[in-house]
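Asker: File follows, start_38.txt with compact mmCIF, C-alpha atoms:
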```
# COMPACT_ATOMS: atom_id res chain seq x y z
CA MET A 1 10.95 13.95 -11.69
CA SER A 2 11.16 10.72 -13.64
CA THR A 3 12.82 8.58 -10.95
CA LEU A 4 12.88 8.13 -7.19
CA LEU A 5 16.19 6.69 -6.03
CA PHE A 6 15.57 4.84 -2.78
CA ASP A 7 18.97 5.54 -1.23
CA LYS A 8 18.89 9.24 -2.11
CA THR A 9 15.31 10.04 -1.12
CA PRO A 10 14.52 10.67 2.55
CA TRP A 11 11.51 8.99 4.09
CA GLU A 12 8.49 11.06 4.94
CA VAL A 13 7.56 9.99 8.46
CA VAL A 14 3.77 9.88 8.61
CA LYS A 15 3.64 8.69 12.22
CA LYS A 16 5.54 6.36 14.49
CA GLY A 17 5.99 3.07 12.66
CA LEU A 18 4.85 4.41 9.27
CA LYS A 19 6.95 6.15 6.64
CA ARG A 20 6.72 6.60 2.88
CA LYS A 21 8.31 7.79 -0.37
CA ILE A 22 6.14 9.02 -3.24
CA ILE A 23 6.46 9.39 -7.01
CA TYR A 24 3.65 10.43 -9.34
CA THR A 25 2.53 11.65 -12.72
CA GLY A 26 -0.63 13.63 -13.45
CA ASN A 27 -3.15 10.95 -12.52
CA LEU A 28 -1.07 8.10 -11.10
CA MET A 29 0.77 7.88 -7.79
CA ASN A 30 3.11 5.22 -6.36
CA VAL A 31 3.50 5.26 -2.59
CA LEU A 32 6.29 3.11 -1.14
CA ILE A 33 5.24 2.45 2.45
CA GLU A 34 7.20 0.87 5.28
CA PHE A 35 5.60 -0.24 8.51
CA SER A 36 7.81 -1.07 11.48
CA ASP A 37 5.41 -1.38 14.41
CA GLY A 38 3.99 -4.82 13.74
CA PRO A 39 2.68 -7.29 14.35
CA TRP A 40 -0.69 -5.74 15.17
CA ASP A 41 -3.28 -7.33 17.43
CA HIS A 42 -6.12 -5.96 15.33
CA PRO A 43 -6.62 -4.52 11.87
CA GLU A 44 -6.76 -0.79 11.33
CA PRO A 45 -10.35 0.50 11.06
CA TYR A 46 -11.89 0.06 7.62
CA HIS A 47 -11.49 3.04 5.32
CA SER A 48 -12.46 3.90 1.76
CA HIS A 49 -11.64 6.58 -0.79
CA PRO A 50 -12.84 7.54 -4.25
CA HIS A 51 -9.37 6.72 -5.62
CA GLU A 52 -8.81 3.30 -7.17
CA GLN A 53 -5.92 1.42 -5.56
CA THR A 54 -3.63 -1.47 -6.41
CA SER A 55 -0.96 -2.70 -4.02
CA TYR A 56 2.08 -4.98 -4.16
CA ILE A 57 3.43 -6.68 -1.03
CA ALA A 58 7.18 -6.10 -1.29
CA GLU A 59 8.20 -7.37 2.16
CA GLY A 60 6.42 -8.87 5.13
CA GLU A 61 2.99 -10.38 5.60
CA ILE A 62 -0.44 -8.84 6.17
CA LEU A 63 -4.06 -9.72 6.52
CA PHE A 64 -6.11 -7.94 3.86
CA PHE A 65 -9.73 -7.13 4.63
CA TYR A 66 -11.92 -6.21 1.65
CA ASP A 67 -15.56 -5.18 1.84
CA ASP A 68 -17.48 -7.98 3.55
CA GLU A 69 -15.21 -10.77 2.28
CA LYS A 70 -13.22 -13.06 4.55
CA GLU A 71 -9.77 -11.65 5.21
CA GLN A 72 -6.85 -13.01 3.18
CA HIS A 73 -3.27 -13.67 4.27
CA LEU A 74 -0.93 -11.91 1.81
CA ARG A 75 2.81 -12.40 1.49
CA LYS A 76 5.68 -10.99 -0.56
CA GLY A 77 4.74 -11.04 -4.24
CA ASP A 78 1.00 -10.96 -3.65
CA MET A 79 -1.12 -8.03 -4.85
CA PHE A 80 -4.53 -6.59 -4.11
CA ALA A 81 -6.89 -4.21 -5.92
CA VAL A 82 -9.56 -1.88 -4.53
CA PRO A 83 -12.11 -0.13 -6.76
CA SER A 84 -13.36 3.33 -5.90
CA GLY A 85 -15.29 3.53 -2.65
CA ILE A 86 -14.89 -0.05 -1.40
CA LYS A 87 -14.03 -0.35 2.30
CA HIS A 88 -10.77 -2.14 3.07
CA THR A 89 -8.00 -2.35 5.63
CA ILE A 90 -4.94 -4.36 6.63
CA GLN A 91 -3.44 -5.96 9.70
CA LEU A 92 0.32 -6.37 9.94
CA LEU A 93 1.43 -9.94 10.73
CA THR A 94 5.17 -9.28 10.76
CA ARG A 95 7.22 -6.71 12.61
CA GLU A 96 8.03 -4.89 9.39
CA ALA A 97 6.35 -4.73 6.01
CA ARG A 98 6.82 -2.84 2.76
CA LEU A 99 3.91 -2.15 0.43
CA VAL A 100 3.81 -0.37 -2.90
CA ASP A 101 0.41 1.33 -3.15
CA SER A 102 -0.70 2.79 -6.48
CA PHE A 103 -3.59 5.23 -6.77
CA THR A 104 -5.56 6.98 -9.48
CA PRO A 105 -6.35 9.80 -9.31
CA LEU A 106 -3.63 11.29 -7.09
CA ARG A 107 -4.06 11.21 -3.30
CA GLU A 108 -3.66 14.99 -3.19
CA GLU A 109 -3.68 14.91 0.62
CA PHE A 110 -0.39 12.94 0.49
CA LEU A 111 1.41 15.77 -1.29
CA LYS A 112 3.22 18.35 0.74
CA LYS A 113 1.67 21.78 0.66
CA MET B 114 -11.04 -10.28 -7.91
CA SER B 115 -9.64 -8.34 -4.99
CA THR B 116 -6.34 -10.24 -4.61
CA LEU B 117 -3.72 -11.96 -6.72
CA LEU B 118 -1.91 -14.65 -4.74
CA PHE B 119 1.53 -15.10 -6.23
CA ASP B 120 1.84 -18.82 -5.47
CA LYS B 121 -1.63 -19.64 -6.79
CA THR B 122 -1.60 -17.57 -9.97
CA PRO B 123 0.15 -18.96 -13.06
CA TRP B 124 2.48 -16.73 -15.02
CA GLU B 125 1.40 -15.49 -18.40
CA VAL B 126 4.40 -16.10 -20.64
CA VAL B 127 4.66 -13.12 -22.97
CA LYS B 128 7.79 -14.36 -24.73
CA LYS B 129 10.99 -16.17 -23.85
CA GLY B 130 12.49 -14.45 -20.82
CA LEU B 131 9.39 -12.35 -20.05
CA LYS B 132 6.37 -13.35 -17.97
CA ARG B 133 3.75 -11.47 -15.99
CA LYS B 134 0.79 -11.57 -13.58
CA ILE B 135 -1.88 -8.87 -13.70
CA ILE B 136 -4.47 -7.40 -11.34
CA TYR B 137 -6.66 -4.39 -12.09
CA THR B 138 -9.65 -2.28 -11.25
CA GLY B 139 -11.62 -0.11 -13.69
CA ASN B 140 -8.87 2.38 -14.49
CA LEU B 141 -5.79 1.05 -12.72
CA MET B 142 -3.64 -1.96 -13.56
CA ASN B 143 -0.71 -3.57 -11.72
CA VAL B 144 1.54 -5.75 -13.85
CA LEU B 145 4.08 -7.91 -12.01
CA ILE B 146 6.79 -8.62 -14.58
CA GLU B 147 9.73 -10.99 -14.38
CA PHE B 148 12.60 -10.92 -16.83
CA SER B 149 15.03 -13.85 -16.94
CA ASP B 150 17.10 -13.27 -20.07
CA GLY B 151 19.45 -10.58 -18.82
CA PRO B 152 21.81 -8.96 -18.78
CA TRP B 153 21.12 -7.25 -22.12
CA ASP B 154 23.82 -5.74 -24.31
CA HIS B 155 21.50 -2.93 -25.40
CA PRO B 156 18.27 -1.35 -24.22
CA GLU B 157 14.98 -2.29 -25.81
CA PRO B 158 13.87 0.24 -28.45
CA TYR B 159 12.16 3.31 -27.02
CA HIS B 160 8.39 3.07 -26.80
CA SER B 161 5.57 5.28 -25.59
CA HIS B 162 1.87 4.94 -24.83
CA PRO B 163 -0.96 7.23 -23.85
CA HIS B 164 -1.22 5.46 -20.49
CA GLU B 165 0.56 6.98 -17.50
CA GLN B 166 2.98 4.56 -15.83
CA THR B 167 4.72 4.19 -12.49
CA SER B 168 7.09 1.33 -11.75
CA TYR B 169 8.76 -0.21 -8.71
CA ILE B 170 11.98 -2.22 -9.03
CA ALA B 171 11.28 -5.28 -6.87
CA GLU B 172 14.36 -7.32 -7.77
CA GLY B 173 17.41 -6.84 -9.98
CA GLU B 174 18.94 -3.81 -11.62
CA ILE B 175 18.14 -1.91 -14.80
CA LEU B 176 19.13 1.11 -16.79
CA PHE B 177 16.13 3.40 -17.24
CA PHE B 178 16.01 5.62 -20.32
CA TYR B 179 13.52 8.50 -20.24
CA ASP B 180 12.90 10.93 -23.06
CA ASP B 181 16.20 12.61 -23.92
CA GLU B 182 17.60 12.43 -20.38
CA LYS B 183 20.77 10.54 -19.46
CA GLU B 184 19.98 6.96 -18.48
CA GLN B 185 19.78 6.12 -14.77
CA HIS B 186 20.89 2.99 -12.93
CA LEU B 187 17.95 1.71 -10.86
CA ARG B 188 18.07 -0.93 -8.15
CA LYS B 189 15.65 -2.70 -5.83
CA GLY B 190 13.48 -0.13 -4.07
CA ASP B 191 13.84 2.53 -6.76
CA MET B 192 10.82 3.75 -8.72
CA PHE B 193 10.19 5.58 -11.97
CA ALA B 194 7.25 7.50 -13.43
CA VAL B 195 6.30 8.12 -17.06
CA PRO B 196 3.61 10.62 -18.07
CA SER B 197 1.38 9.98 -21.07
CA GLY B 198 3.24 9.84 -24.37
CA ILE B 199 6.84 10.17 -23.14
CA LYS B 200 9.29 7.77 -24.80
CA HIS B 201 11.14 5.45 -22.44
CA THR B 202 12.81 2.06 -22.25
CA ILE B 203 14.95 -0.15 -20.03
CA GLN B 204 18.05 -2.30 -20.25
CA LEU B 205 18.44 -5.25 -17.92
CA LEU B 206 21.75 -5.25 -16.00
CA THR B 207 21.17 -8.47 -14.04
CA ARG B 208 20.20 -11.93 -15.22
CA GLU B 209 16.79 -11.62 -13.62
CA ALA B 210 14.64 -8.69 -12.61
CA ARG B 211 11.17 -8.14 -11.23
CA LEU B 212 9.25 -4.92 -11.87
CA VAL B 213 5.82 -3.84 -10.71
CA ASP B 214 4.38 -1.63 -13.45
CA SER B 215 1.22 0.37 -12.76
CA PHE B 216 -0.84 1.94 -15.54
CA THR B 217 -3.83 4.22 -15.88
CA PRO B 218 -5.95 3.76 -17.85
CA LEU B 219 -5.82 -0.02 -18.34
CA ARG B 220 -3.47 -1.49 -20.93
CA GLU B 221 -6.40 -3.23 -22.60
CA GLU B 222 -4.03 -5.04 -24.95
CA PHE B 223 -2.60 -6.90 -21.93
CA LEU B 224 -5.96 -8.47 -21.10
CA LYS B 225 -6.82 -11.84 -22.55
CA LYS B 226 -9.57 -11.78 -25.14
```
Translate the structure described by the file into structure tokens.

Answerer:
Amino acid sequence: MSTLLFDKTPWEVVKKGLKRKIIYTGNLMNVLIEFSDGPWDHPEPYHSHPHEQTSYIAEGEILFFYDDEKEQHLRKGDMFAVPSGIKHTIQLLTREARLVDSFTPLREEFLKK
Amino acid sequence: MSTLLFDKTPWEVVKKGLKRKIIYTGNLMNVLIEFSDGPWDHPEPYHSHPHEQTSYIAEGEILFFYDDEKEQHLRKGDMFAVPSGIKHTIQLLTREARLVDSFTPLREEFLKK
């Protein structure tokens, strides 16, 4: 599949307030994520993964927490990058937000069995 | 550098009508690209690269040409994916467009010497 057409591709509902659409090649995955349960009082717990990650803020605003650095306020057009194994998380500042997360290698656990 | 703040990061002007901002980790690169010289009468020539690519259409509309498939009209929210070595190109349909291109491994030639 070389394209993912937004209007023709159903959302995968991950949980209440979180849905996604995914496209990928052998070692590279793009995950279009929409949150709709913001704003949040607190960040999600820190997490980390061996996969490298880059993200683009397509809509909305978040706080981005990276390793032991001070959190940063990110808005539409901003990006962040997370090397393998570095703890990170976000906190939604707006009711809704759209992020485009890219990963290498693939987040195999995101693919339907 | 864990974040790229859009408002605080100058564009790199690649050529007239094409500018970009880049963030990356060891094997993963996000390239925020803005085109401002559309619409184009013709697509760019096909190109290919060993790097895998995924792209998100953040603004504007394009035609996406992939291998020998029929071109597809992509709009904001759509995505495309290109495995290593597959020829592809785009044609701008709007005056301006913003794409978020992700690559693995890094497009080393995009990094300043």

Asker: With all atoms listed in the file counted and 8 Å as the cut-off, give the residues of chain A in contact with chain B, each with its shortest interatomic distance in Å and the pair that gives it, as CSV.

Answerer:
```
residue,atom,partner,partner_atom,distance
A:Met1,CA,B:Ala194,CA,7.6
A:Ser2,CA,B:Ala194,CA,5.1
A:Thr3,CA,B:Phe193,CA,4.1
A:Leu4,CA,B:Met192,CA,5.1
A:Leu5,CA,B:Asp191,CA,4.8
A:Phe6,CA,B:Asp191,CA,4.9
A:Ile23,CA,B:Ala194,CA,6.7
A:Tyr24,CA,B:Ala194,CA,6.2
A:Thr25,CA,B:Pro196,CA,5.6
A:Gly26,CA,B:Pro196,CA,7.0
A:Asn27,CA,B:Glu165,CA,7.4
A:Leu28,CA,B:Glu165,CA,6.7
A:Met29,CA,B:Thr167,CA,7.2
A:Asn30,CA,B:Thr167,CA,6.4
A:Glu52,CA,B:Leu141,CA,6.7
A:Gln53,CA,B:Leu141,CA,7.2
A:Thr54,CA,B:Asn143,CA,6.4
A:Ser55,CA,B:Asn143,CA,7.8
A:Tyr56,CA,B:Val213,CA,7.6
A:Ala58,CA,B:Ala171,CA,7.0
A:Tyr66,CA,B:Ser115,CA,7.3
A:Leu74,CA,B:Leu118,CA,7.2
A:Gly77,CA,B:Phe119,CA,5.5
A:Asp78,CA,B:Leu118,CA,4.8
A:Met79,CA,B:Leu117,CA,5.1
A:Phe80,CA,B:Thr116,CA,4.1
A:Ala81,CA,B:Ser115,CA,5.0
A:Val82,CA,B:Ser115,CA,6.5
A:Pro83,CA,B:Thr138,CA,5.6
A:Val100,CA,B:Tyr169,CA,7.6
A:Ser102,CA,B:Ser215,CA,7.0
A:Phe103,CA,B:Leu141,CA,7.6
A:Thr104,CA,B:Leu141,CA,6.8
```

Asker: Just to confirm, what's the straight-line distance from atom CA of His47 of chain A to atom CA of Phe110 of chain A in Å (one decimal)?

Answerer: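 Result for atom CA of His47 of chain A versus atom CA of Phe110 of chain A: 15.6 Å, one decimal.
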
Asker: Is it possible to get the residues within 10 Å of (1.7, -6.1, 17.8) (coordinates as in the file, counting all atoms listed in the file) written as a PDB file with C-alpha atoms, in the frame of the given file?

Answerer:
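Resulting contents of part-v3.pdb:
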```
ATOM      1  CA  ASP A  37       5.410  -1.380  14.410  1.00  0.00           C
ATOM      2  CA  GLY A  38       3.990  -4.820  13.740  1.00  0.00           C
ATOM      3  CA  PRO A  39       2.680  -7.290  14.350  1.00  0.00           C
ATOM      4  CA  TRP A  40      -0.690  -5.740  15.170  1.00  0.00           C
ATOM      5  CA  ASP A  41      -3.280  -7.330  17.430  1.00  0.00           C
ATOM      6  CA  HIS A  42      -6.120  -5.960  15.330  1.00  0.00           C
ATOM      7  CA  GLN A  91      -3.440  -5.960   9.700  1.00  0.00           C
ATOM      8  CA  LEU A  92       0.320  -6.370   9.940  1.00  0.00           C
ATOM      9  CA  LEU A  93       1.430  -9.940  10.730  1.00  0.00           C
ATOM     10  CA  THR A  94       5.170  -9.280  10.760  1.00  0.00           C
ATOM     11  CA  ARG A  95       7.220  -6.710  12.610  1.00  0.00           C
TER      12      ARG A  95
END
```

Asker: Do you have the atom CA of Pro10 of chain A-atom CA of Lys112 of chain A distance handy?

Answerer: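 Separating atom CA of Pro10 of chain A from atom CA of Lys112 of chain A is a distance of 13.8 Å.
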
Asker: Excluding Gly198 of chain B and its own-chain neighbours fewer than 3 positions away, which residues fall within 6 Å of it when counting all atoms listed in the file? Please give them as a list in words.

Answerer: Ser161, His162 and Pro163 of chain B

Asker: Any idea what the distance is between atom CA of Glu125 of chain B and atom CA of Glu174 of chain B?

Answerer: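 If I compute the distance from atom CA of Glu125 of chain B to atom CA of Glu174 of chain B, I get 22.1 Å.
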
Asker: Work out where the centre of an axis-aligned box around every listed atom of segment 187-198 of chain B lies and how long its edges are once 5 Å is added on each side; give both in Å to one decimal as AutoDock Vina command-line options.

Answerer:
```
--center_x 9.7 --center_y 4.0 --center_z -14.2 --size_x 26.7 --size_y 23.3 --size_z 30.3
```
